[in-house]
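Colleague: The following file, protein35.txt, comprises compact mmCIF, C-alpha atoms and all ligand atoms:
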```txt
# COMPACT_ATOMS: atom_id res chain seq x y z
CA MET K 122 -41.88 -31.45 -56.46
CA LYS K 123 -44.15 -32.46 -53.57
CA ILE K 124 -43.04 -36.11 -53.78
CA LYS K 125 -39.38 -35.01 -53.70
CA LEU K 126 -40.05 -33.01 -50.56
CA ILE K 127 -41.82 -35.90 -48.83
CA ILE K 128 -38.97 -38.30 -49.71
CA SER K 129 -36.37 -35.85 -48.42
CA CYS K 130 -38.35 -35.41 -45.17
CA LEU K 131 -38.59 -39.18 -44.71
CA LEU K 132 -34.85 -39.58 -45.32
CA THR K 133 -34.05 -36.91 -42.73
CA MET K 134 -36.32 -38.60 -40.18
CA LEU K 135 -34.66 -41.95 -40.90
CA THR K 136 -31.18 -40.47 -40.42
CA ILE K 137 -32.20 -38.86 -37.13
CA ASN K 138 -33.62 -42.17 -35.98
CA ILE K 139 -30.49 -44.10 -36.97
CA ASN K 140 -28.27 -41.50 -35.25
CA ALA K 141 -30.39 -41.71 -32.12
CA LYS K 142 -29.93 -45.48 -32.11
CA GLN K 143 -26.21 -45.11 -32.77
CA SER K 144 -25.60 -42.80 -29.84
CA PRO K 145 -26.91 -44.48 -26.69
CA SER K 146 -26.84 -42.59 -23.42
CA PHE K 147 -23.96 -42.74 -21.01
CA ALA K 148 -23.21 -40.68 -17.92
CA ILE K 149 -21.11 -40.62 -14.77
CA ALA K 150 -21.40 -39.02 -11.32
CA ILE K 151 -18.99 -38.98 -8.39
CA HIS K 152 -18.58 -37.84 -4.80
CA GLY K 153 -15.50 -37.08 -2.71
CA GLY K 154 -17.14 -37.13 0.72
CA ALA K 155 -19.83 -35.26 2.63
CA GLY K 156 -19.82 -33.41 5.95
CA THR K 157 -19.17 -30.04 7.56
CA ILE K 158 -17.27 -28.42 4.75
CA LEU K 159 -17.05 -24.75 5.69
CA LYS K 160 -16.68 -22.05 3.07
CA SER K 161 -15.14 -19.82 5.74
CA ASN K 162 -12.24 -22.27 6.07
CA MET K 163 -11.79 -22.79 2.36
CA THR K 164 -9.12 -20.84 0.51
CA PRO K 165 -9.83 -20.01 -3.14
CA GLU K 166 -6.79 -22.09 -4.13
CA LEU K 167 -8.01 -25.16 -2.28
CA GLU K 168 -11.51 -24.79 -3.63
CA LYS K 169 -10.06 -24.63 -7.12
CA ALA K 170 -7.93 -27.71 -6.46
CA TYR K 171 -11.01 -29.71 -5.37
CA HIS K 172 -13.02 -28.67 -8.41
CA ALA K 173 -10.09 -29.50 -10.70
CA LYS K 174 -9.58 -32.97 -9.17
CA LEU K 175 -13.30 -33.76 -9.31
CA ALA K 176 -13.37 -32.72 -12.98
CA GLU K 177 -10.27 -34.83 -13.70
CA ALA K 178 -11.91 -37.89 -12.09
CA LEU K 179 -15.14 -37.33 -14.05
CA LYS K 180 -13.25 -36.95 -17.32
CA ALA K 181 -11.23 -40.14 -16.71
CA GLY K 182 -14.47 -42.12 -16.27
CA HIS K 183 -16.32 -40.35 -19.06
CA ALA K 184 -13.52 -41.00 -21.60
CA ILE K 185 -13.92 -44.73 -20.98
CA LEU K 186 -17.70 -44.59 -21.43
CA LYS K 187 -17.33 -42.52 -24.59
CA LYS K 188 -15.10 -45.06 -26.29
CA GLY K 189 -17.49 -47.88 -25.44
CA GLY K 190 -15.96 -49.10 -22.18
CA THR K 191 -18.10 -50.55 -19.41
CA SER K 192 -19.56 -48.72 -16.42
CA VAL K 193 -17.43 -50.96 -14.15
CA GLU K 194 -14.28 -49.71 -15.90
CA ALA K 195 -15.46 -46.08 -15.79
CA VAL K 196 -16.26 -46.22 -12.07
CA GLN K 197 -12.79 -47.60 -11.37
CA ALA K 198 -11.05 -44.98 -13.53
CA ALA K 199 -12.82 -42.10 -11.74
CA ILE K 200 -12.15 -43.56 -8.29
CA ILE K 201 -8.46 -44.22 -9.05
CA VAL K 202 -7.93 -40.49 -9.77
CA MET K 203 -9.38 -39.65 -6.34
CA GLU K 204 -7.55 -42.51 -4.56
CA ASP K 205 -4.26 -41.18 -5.95
CA SER K 206 -4.98 -37.65 -4.69
CA PRO K 207 -4.22 -36.63 -1.08
CA LEU K 208 -7.32 -34.39 -1.16
CA PHE K 209 -9.71 -37.23 -0.36
CA ASN K 210 -10.03 -39.84 2.38
CA ALA K 211 -9.25 -42.81 0.13
CA GLY K 212 -5.97 -44.28 -1.13
CA LYS K 213 -3.21 -41.69 -0.75
CA GLY K 214 -5.25 -39.36 1.50
CA ALA K 215 -6.66 -42.05 3.81
CA VAL K 216 -7.26 -41.15 7.45
CA TYR K 217 -5.41 -42.79 10.37
CA THR K 218 -6.69 -45.45 12.71
CA HIS K 219 -6.27 -45.15 16.48
CA HIS K 220 -3.15 -47.28 16.08
CA LYS K 221 -1.55 -44.84 13.62
CA THR K 222 -2.04 -47.08 10.61
CA ASN K 223 -4.07 -46.58 7.46
CA GLU K 224 -6.62 -49.31 6.74
CA LEU K 225 -8.55 -49.04 3.52
CA ASP K 226 -11.91 -50.40 2.38
CA ALA K 227 -13.54 -50.49 -1.07
CA SER K 228 -16.36 -52.10 -3.01
CA ILE K 229 -17.78 -52.27 -6.52
CA MET K 230 -21.00 -53.64 -8.02
CA GLU K 231 -22.31 -54.33 -11.51
CA GLY K 232 -26.00 -53.60 -12.11
CA LYS K 233 -26.53 -56.13 -14.91
CA THR K 234 -25.48 -59.25 -13.04
CA LEU K 235 -25.66 -58.04 -9.42
CA ASN K 236 -22.08 -59.25 -9.21
CA ALA K 237 -20.03 -57.49 -6.53
CA GLY K 238 -16.59 -57.37 -4.94
CA ALA K 239 -15.28 -55.76 -1.76
CA VAL K 240 -12.16 -55.50 0.40
CA SER K 241 -11.61 -54.24 3.91
CA GLY K 242 -8.68 -53.36 6.14
CA VAL K 243 -5.92 -53.35 3.49
CA SER K 244 -2.74 -51.35 4.13
CA THR K 245 -0.47 -52.09 1.17
CA VAL K 246 -2.68 -51.98 -1.92
CA LYS K 247 -2.25 -48.70 -3.78
CA ASN K 248 -5.72 -48.74 -5.35
CA PRO K 249 -8.21 -50.71 -3.25
CA ILE K 250 -10.98 -50.19 -5.84
CA LYS K 251 -8.94 -52.28 -8.33
CA LEU K 252 -8.70 -55.03 -5.74
CA ALA K 253 -12.48 -54.91 -5.16
CA ALA K 254 -12.95 -55.31 -8.93
CA GLU K 255 -10.53 -58.27 -8.95
CA VAL K 256 -12.52 -59.90 -6.15
CA MET K 257 -15.69 -59.37 -8.20
CA THR K 258 -14.38 -60.74 -11.49
CA ASN K 259 -11.61 -63.16 -10.58
CA SER K 260 -12.66 -64.80 -7.32
CA LYS K 261 -15.56 -66.89 -6.07
CA HIS K 262 -16.07 -64.49 -3.18
CA VAL K 263 -17.65 -61.11 -2.56
CA MET K 264 -15.55 -59.75 0.31
CA LEU K 265 -11.93 -60.30 1.35
CA SER K 266 -10.22 -58.69 4.32
CA GLY K 267 -6.78 -57.86 5.74
CA ALA K 268 -3.79 -60.11 5.04
CA GLY K 269 -5.81 -62.48 2.85
CA ALA K 270 -7.00 -59.64 0.64
CA GLU K 271 -3.41 -58.39 0.32
CA LYS K 272 -2.21 -61.86 -0.65
CA PHE K 273 -4.89 -61.96 -3.35
CA ALA K 274 -3.80 -58.48 -4.56
CA LYS K 275 -0.25 -59.78 -5.07
CA LYS K 276 -1.54 -62.84 -6.88
CA GLN K 277 -3.52 -60.58 -9.22
CA SER K 278 -0.36 -58.47 -9.81
CA LEU K 279 -1.85 -55.27 -8.41
CA GLU K 280 0.49 -52.48 -7.34
CA ILE K 281 1.69 -53.01 -3.77
CA VAL K 282 3.11 -50.08 -1.79
CA PRO K 283 4.75 -49.85 1.63
CA PRO K 284 2.22 -48.77 4.33
CA GLU K 285 4.12 -45.44 4.61
CA TYR K 286 2.83 -44.52 1.15
CA PHE K 287 -0.48 -43.58 2.79
CA LYS K 288 1.02 -41.25 5.39
CA THR K 289 0.15 -37.58 4.95
CA GLU K 290 0.81 -34.66 7.27
CA ARG K 291 -2.77 -33.46 7.02
CA ARG K 292 -4.31 -36.74 8.18
CA TRP K 293 -1.65 -37.17 10.85
CA ASN K 294 -2.50 -33.80 12.38
CA GLN K 295 -6.18 -34.68 12.12
CA LEU K 296 -5.55 -37.84 14.18
CA LEU K 297 -3.57 -35.91 16.80
CA ARG K 298 -6.44 -33.46 17.21
CA VAL K 299 -8.99 -36.26 17.60
CA LEU K 300 -6.77 -38.19 20.04
CA LYS K 301 -6.57 -35.17 22.32
CA LYS K 302 -10.28 -35.64 23.01
CA ASP K 303 -10.19 -39.45 23.17
CA PRO K 304 -10.10 -40.89 26.72
CA ASP K 305 -8.41 -44.10 25.50
CA ALA K 306 -5.73 -42.16 23.67
CA THR K 307 -2.70 -44.17 24.74
CA ALA K 308 -1.35 -43.60 21.27
CA LEU K 309 -0.93 -39.91 22.05
CA SER K 310 1.93 -40.43 24.51
CA GLU K 311 3.68 -42.79 22.08
CA ASP K 312 3.32 -40.10 19.46
CA LYS K 313 5.81 -37.88 21.26
CA THR K 314 8.58 -40.23 20.21
CA ASP K 315 7.34 -40.28 16.67
CA LYS K 316 9.12 -37.98 14.26
CA GLN K 317 5.85 -36.91 12.74
CA ALA K 318 4.58 -35.68 16.11
CA SER K 319 6.84 -32.68 15.74
CA VAL K 320 4.69 -31.52 12.84
CA THR K 321 3.05 -28.42 14.23
CA THR K 322 1.27 -26.96 11.26
CA ASN K 323 -1.94 -25.27 12.29
CA LYS K 324 -3.26 -25.33 8.81
CA ILE K 325 -6.98 -25.96 9.18
CA TRP K 326 -8.65 -27.88 6.45
CA PRO K 327 -12.17 -26.82 5.60
CA ASP K 328 -13.47 -30.30 6.02
CA ASP K 329 -11.86 -32.06 8.96
CA ASN K 330 -15.30 -32.99 10.21
CA LYS K 331 -16.31 -34.68 7.03
CA PHE K 332 -16.34 -38.21 5.78
CA GLY K 333 -14.07 -37.84 2.71
CA THR K 334 -14.79 -41.22 1.14
CA VAL K 335 -14.88 -41.27 -2.66
CA GLY K 336 -17.37 -42.96 -4.95
CA ALA K 337 -18.68 -43.16 -8.49
CA VAL K 338 -21.76 -44.36 -10.36
CA ALA K 339 -22.06 -44.74 -14.12
CA LEU K 340 -24.30 -45.86 -16.97
CA ASP K 341 -22.51 -47.25 -20.03
CA GLN K 342 -23.54 -47.43 -23.70
CA PHE K 343 -24.83 -50.98 -23.17
CA GLY K 344 -27.37 -49.74 -20.63
CA ASN K 345 -25.48 -51.19 -17.66
CA LEU K 346 -25.12 -49.43 -14.33
CA ALA K 347 -22.22 -49.76 -11.88
CA ALA K 348 -21.31 -48.25 -8.52
CA GLY K 349 -18.08 -48.17 -6.52
CA THR K 350 -16.83 -46.67 -3.24
CA SER K 351 -13.38 -46.38 -1.64
CA THR K 352 -12.34 -45.05 1.77
CA GLY K 353 -9.85 -44.85 4.60
CA GLY K 354 -12.84 -45.12 6.97
CA MET K 355 -13.10 -42.81 9.98
CA THR K 356 -10.24 -41.10 11.83
CA ASN K 357 -9.25 -42.85 15.08
CA LYS K 358 -11.18 -46.01 14.19
CA LYS K 359 -10.42 -48.88 16.58
CA TYR K 360 -10.58 -52.66 16.89
CA GLY K 361 -10.54 -53.32 13.13
CA ARG K 362 -13.69 -51.20 12.66
CA ILE K 363 -15.23 -51.47 9.20
CA GLY K 364 -17.75 -48.93 7.92
CA ASP K 365 -20.39 -49.01 5.22
CA SER K 366 -18.15 -48.37 2.21
CA PRO K 367 -17.18 -52.02 1.55
CA ILE K 368 -20.62 -53.34 2.54
CA ILE K 369 -22.75 -54.14 -0.47
CA GLY K 370 -26.22 -52.68 0.15
CA ALA K 371 -24.95 -50.11 2.67
CA GLY K 372 -22.26 -48.01 0.94
CA THR K 373 -22.58 -49.37 -2.59
CA TYR K 374 -25.34 -50.92 -4.69
CA ALA K 375 -26.21 -51.25 -8.38
CA ASP K 376 -29.17 -52.88 -10.09
CA ASN K 377 -29.98 -52.14 -13.74
CA LYS K 378 -33.69 -52.27 -12.86
CA ALA K 379 -33.47 -49.52 -10.24
CA CYS K 380 -30.32 -47.46 -9.72
CA ALA K 381 -26.63 -47.27 -8.84
CA ILE K 382 -25.66 -45.71 -5.50
CA SER K 383 -22.41 -44.80 -3.74
CA ALA K 384 -22.59 -43.37 -0.23
CA THR K 385 -20.48 -41.31 2.14
CA GLY K 386 -21.20 -40.53 5.76
CA HIS K 387 -21.19 -41.96 9.26
CA GLY K 388 -20.85 -45.61 8.27
CA GLU K 389 -22.50 -47.15 11.31
CA TYR K 390 -25.80 -45.44 10.44
CA PHE K 391 -25.47 -46.28 6.74
CA ILE K 392 -25.03 -49.96 7.59
CA ARG K 393 -28.03 -50.00 9.93
CA ALA K 394 -30.21 -48.20 7.37
CA ALA K 395 -28.93 -50.35 4.45
CA VAL K 396 -28.84 -47.03 2.62
CA ALA K 397 -27.73 -47.94 -0.90
CA HIS K 398 -30.00 -50.96 -1.19
CA ASP K 399 -32.95 -49.24 0.47
CA ILE K 400 -32.87 -46.44 -2.11
CA CYS K 401 -32.85 -48.91 -5.02
CA ALA K 402 -35.57 -51.02 -3.35
CA ARG K 403 -37.84 -47.97 -2.97
CA VAL K 404 -37.40 -47.18 -6.69
CA LEU K 405 -38.23 -50.76 -7.60
CA TYR K 406 -41.12 -51.52 -5.24
CA LYS K 407 -42.70 -48.11 -4.71
CA ASN K 408 -42.23 -47.14 -8.34
CA ILE K 409 -41.01 -43.66 -7.40
CA SER K 410 -38.24 -41.56 -8.93
CA LEU K 411 -34.65 -42.05 -7.82
CA ASP K 412 -34.58 -38.46 -6.56
CA LYS K 413 -37.55 -39.08 -4.29
CA ALA K 414 -36.28 -42.44 -3.05
CA ALA K 415 -32.88 -40.95 -2.21
CA ASP K 416 -34.44 -38.04 -0.29
CA GLU K 417 -36.73 -40.40 1.66
CA VAL K 418 -33.68 -42.30 2.89
CA ILE K 419 -31.10 -39.50 3.28
CA GLN K 420 -33.30 -36.57 4.38
CA GLN K 421 -35.89 -38.50 6.41
CA LYS K 422 -34.97 -42.02 7.55
CA LEU K 423 -31.27 -41.23 8.18
CA VAL K 424 -31.97 -37.84 9.79
CA LYS K 425 -34.39 -39.49 12.23
CA MET K 426 -31.71 -42.01 13.15
CA GLY K 427 -29.11 -39.23 13.55
CA GLY K 428 -26.87 -40.23 10.63
CA ASP K 429 -24.94 -37.62 8.61
CA GLY K 430 -23.90 -37.96 5.01
CA GLY K 431 -25.12 -38.37 1.48
CA ILE K 432 -25.14 -40.33 -1.74
CA VAL K 433 -24.58 -39.99 -5.43
CA GLY K 434 -26.93 -41.96 -7.67
CA MET K 435 -27.56 -42.83 -11.32
CA SER K 436 -30.88 -43.88 -12.83
CA PRO K 437 -31.14 -46.55 -15.56
CA LYS K 438 -31.80 -43.69 -18.01
CA GLY K 439 -28.52 -42.00 -17.07
CA GLU K 440 -29.86 -39.24 -14.80
CA PRO K 441 -27.33 -38.35 -12.07
CA ILE K 442 -28.69 -37.33 -8.66
CA PHE K 443 -27.27 -36.21 -5.31
CA SER K 444 -28.81 -36.17 -1.86
CA PHE K 445 -26.97 -35.13 1.34
CA ASN K 446 -28.06 -33.97 4.77
CA SER K 447 -24.69 -32.41 5.65
CA GLU K 448 -23.48 -28.89 4.90
CA GLY K 449 -21.56 -29.95 1.85
CA MET K 450 -20.52 -32.82 -0.36
CA TYR K 451 -17.73 -32.85 -2.92
CA ARG K 452 -19.54 -34.00 -6.02
CA GLY K 453 -19.89 -33.81 -9.78
CA TYR K 454 -21.28 -35.35 -12.93
CA ILE K 455 -20.97 -35.46 -16.68
CA ASP K 456 -24.51 -36.07 -17.89
CA LYS K 457 -25.71 -37.70 -21.11
CA ASN K 458 -25.50 -34.36 -22.97
CA GLY K 459 -21.86 -33.98 -21.96
CA LYS K 460 -22.59 -31.22 -19.41
CA VAL K 461 -19.88 -31.09 -16.74
CA TYR K 462 -20.83 -30.02 -13.19
CA THR K 463 -18.77 -29.96 -10.00
CA GLY K 464 -19.93 -28.69 -6.60
CA ILE K 465 -18.88 -28.55 -2.94
CA PHE K 466 -21.35 -26.49 -0.89
CA LYS K 467 -25.14 -26.83 -0.77
CA GLN K 468 -25.69 -23.73 -2.88
CA ASP K 469 -23.24 -24.80 -5.66
N1 LIG K 501 -18.64 -43.99 5.22
C1 LIG K 501 -17.27 -44.04 5.62
C2 LIG K 501 -17.11 -44.94 6.81
O1 LIG K 501 -17.93 -44.89 7.70
C3 LIG K 501 -16.70 -42.70 5.94
C4 LIG K 501 -16.85 -41.69 4.84
O2 LIG K 501 -17.87 -41.65 4.15
O3 LIG K 501 -15.91 -40.89 4.66
O4 LIG K 501 -16.13 -45.62 6.90
```
What is this structure when it is put down as structure tokens?
Ligand code: ASP
Modeller:
Amino acid sequence: MKIKLIISCLLTMLTININAKQSPSFAIAIHGGAGTILKSNMTPELEKAYHAKLAEALKAGHAILKKGGTSVEAVQAAIIVMEDSPLFNAGKGAVYTHHKTNELDASIMEGKTLNAGAVSGVSTVKNPIKLAAEVMTNSKHVMLSGAGAEKFAKKQSLEIVPPEYFKTERRWNQLLRVLKKDPDATALSEDKTDKQASVTTNKIWPDDNKFGTVGAVALDQFGNLAAGTSTGGMTNKKYGRIGDSPIIGAGTYADNKACAISATGHGEYFIRAAVAHDICARVLYKNISLDKAADEVIQQKLVKMGGDGGIVGMSPKGEPIFSFNSEGMYRGYIDKNGKVYTGIFKQD
């Protein structure tokens, strides 16, 4: 009787062990921009719409991880959902430049190989994150810009759209408001002849002072991390300005030994602080937790410099983390236990 019991116990332990080996960890986390997101300006409907879109993006990435896809594929899938939504400053909801155009930037990085791809200043590529991934996997380069990047997108058979695809009333009104305060706003007088200038909606968005870039980080079943970021940049940007989002080490970084990071915030500061790489480097060289490393950079170093924003991160064990020094950050994760979380304000 005793022997039977011992054998049955051993068998159970063996099964548990095999099951544990058969179900490796995977997880995903995303952001949809940080900044002054005011609850007082948020309608319940809009808040619901943001939570729903964040959850949809998370689920798109998670489904890929669940069926054994790679973290690079999952990051793209989550970002594409947000690029296709006018709610975020990326793809369809991209902000306007000073010259009334939309110029998009994106980047992606794979933690296993440290391979990376990035694009900047594209105006006709529907999903810039896909183009960044094409640069990473199917070119000898890391970063392509403007017309050359668009030529490469066509060659890779990516979906090309007319520049008008990116026009939205919300972002247009946002530009008009910013131009009113801009001393070099020559564009404002031209705007009077523009049909869209007659748009007079006073609808205030809760987050016009935010940096609505989108990003994702993921760990796949093979233990590989990836990070990606996509943006329209900053409203009223001039002279071909490029922010941190397509800069590897500033807006995006992934290293299987340390972490995966995607950032959102005032790009100039994030470039100068090499935010994404600095967080991973602190994990690696100081041997501290990802949480602590992220707070050192976002809550201390960046605050001292005067830079607003935040990051989403993933540890090599699949622990999602957030750190932001702004009032809010659209964010969410599906952790390794399948728990789904989405948040907007600090207290969420
Ligand atoms: N980091 C982006 C940039 O500076 C803006 C954002 O996060 O929304 O271009």
Colleague: Identify, counting all atoms listed in the file, the protein, DNA and RNA residues located within 6 Å of ligand LIG 501 (chain K), and give them as a list of chain:residue names.
Modeller: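 Within the 6 Å cut-off, the matching residues are K:Gly154, K:Phe332, K:Gly333, K:Thr334, K:Gly354, K:Met355, K:Gly364, K:Asp365, K:Ser366, K:Thr385, K:Gly386, K:His387, K:Gly388.
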Colleague: What's around K:Asp341 at 12 Å? Count only C-alpha atoms, leave out sequence neighbours fewer than 3 positions away in its own chain, and write the answer as a PyMOL selection string.
Modeller: chain K and resi 144-149+182-196+231-233+338+344-348+377+381+435-439+456-457
Colleague: Please determine, counting all atoms listed in the file, which residue among K:Gly353, K:Pro165, K:Phe287, K:Arg298 has the shortest atom-to-atom distance to K:Val335.
Modeller: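 Among the listed residues, K:Gly353 lies closest to K:Val335.
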Colleague: Considering only C-alpha atoms, state which residue in the set K:Pro207, K:Gly242, K:Phe443, K:Gly428 is at the smallest distance from K:Asp412.
Modeller: K:Phe443
Colleague: Quick one: of K:Val246, K:Ala375, K:Ala397, K:Ala237, who's nearest to K:Glu280, counting all atoms listed in the file?
Modeller: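 Of K:Val246, K:Ala375, K:Ala397, K:Ala237, the one nearest K:Glu280 is K:Val246, counting all atoms listed in the file.
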Colleague: Produce a table with one row for each residue of stretch 176-272 of chain K that has an atom at most 12 Å from any atom of stretch 166-170 of chain K, each row naming the nearest atom pair and its distance in Å at one decimal; use all atoms listed in the file; arrange rows by chain and rising residue number; format as a Markdown table.
Modeller:
```
| residue | atom | partner | partner_atom | distance |
| --- | --- | --- | --- | --- |
| K:Ala176 | CA | K:Ala170 | CA | 9.9 |
| K:Glu177 | CA | K:Ala170 | CA | 10.4 |
| K:Ser206 | CA | K:Ala170 | CA | 10.5 |
| K:Pro207 | CA | K:Ala170 | CA | 11.1 |
| K:Leu208 | CA | K:Ala170 | CA | 8.5 |
| K:Phe209 | CA | K:Ala170 | CA | 11.4 |
```
Colleague: With only C-alpha atoms counted, which protein, DNA or RNA residues have an atom no more than 9 Å from (-3.9, -50.1, -6.5) in the file frame? Please answer as an NGL selection string.
Modeller: :K and (201 or 204-205 or 212 or 245-252 or 274 or 279-282)
Colleague: Point out the residue among K:Lys160, K:Lys276, K:His219, K:Lys288 with the least atom-to-atom distance to K:Lys359, counting only C-alpha atoms.
Modeller: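 Of the candidates, the smallest distance to K:Lys359 is held by K:His219.
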Colleague: Report the distance between atom CA of K:Ala239 and atom CA of K:Gly370 in Å, rounded to one decimal place.
Modeller: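 According to the coordinates, atom CA of K:Ala239 and atom CA of K:Gly370 are separated by 11.5 Å.
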Colleague: Would you mind reading off the distance between atom CA of K:Phe445 and atom CA of K:Gly430, one decimal, in Å?
Modeller: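 Distance reported for this atom pair: 5.6 Å.
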Colleague: Write out as JSON, numbers by chain the residues lying within 10 Å of K:Val418, counting all atoms listed in the file and excluding same-chain residues fewer than 6 positions away.
Modeller: {"K": [391, 394, 395, 396, 397, 399, 400, 403, 424, 425, 431, 432, 444, 445]}
Colleague: Using atom CA of K:Ile392 and atom CA of K:Ser447 as the two end points, give the distance in Å to one decimal.
Modeller: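 Here the two named atoms are 17.7 Å from each other.
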Colleague: Which of these, K:Ser266, K:Ser228, K:Asn210, K:Asn259, has the shortest distance to K:Gly153 once you count only C-alpha atoms?
Modeller: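 With only C-alpha atoms as the atom set, the closest residue is K:Asn210.
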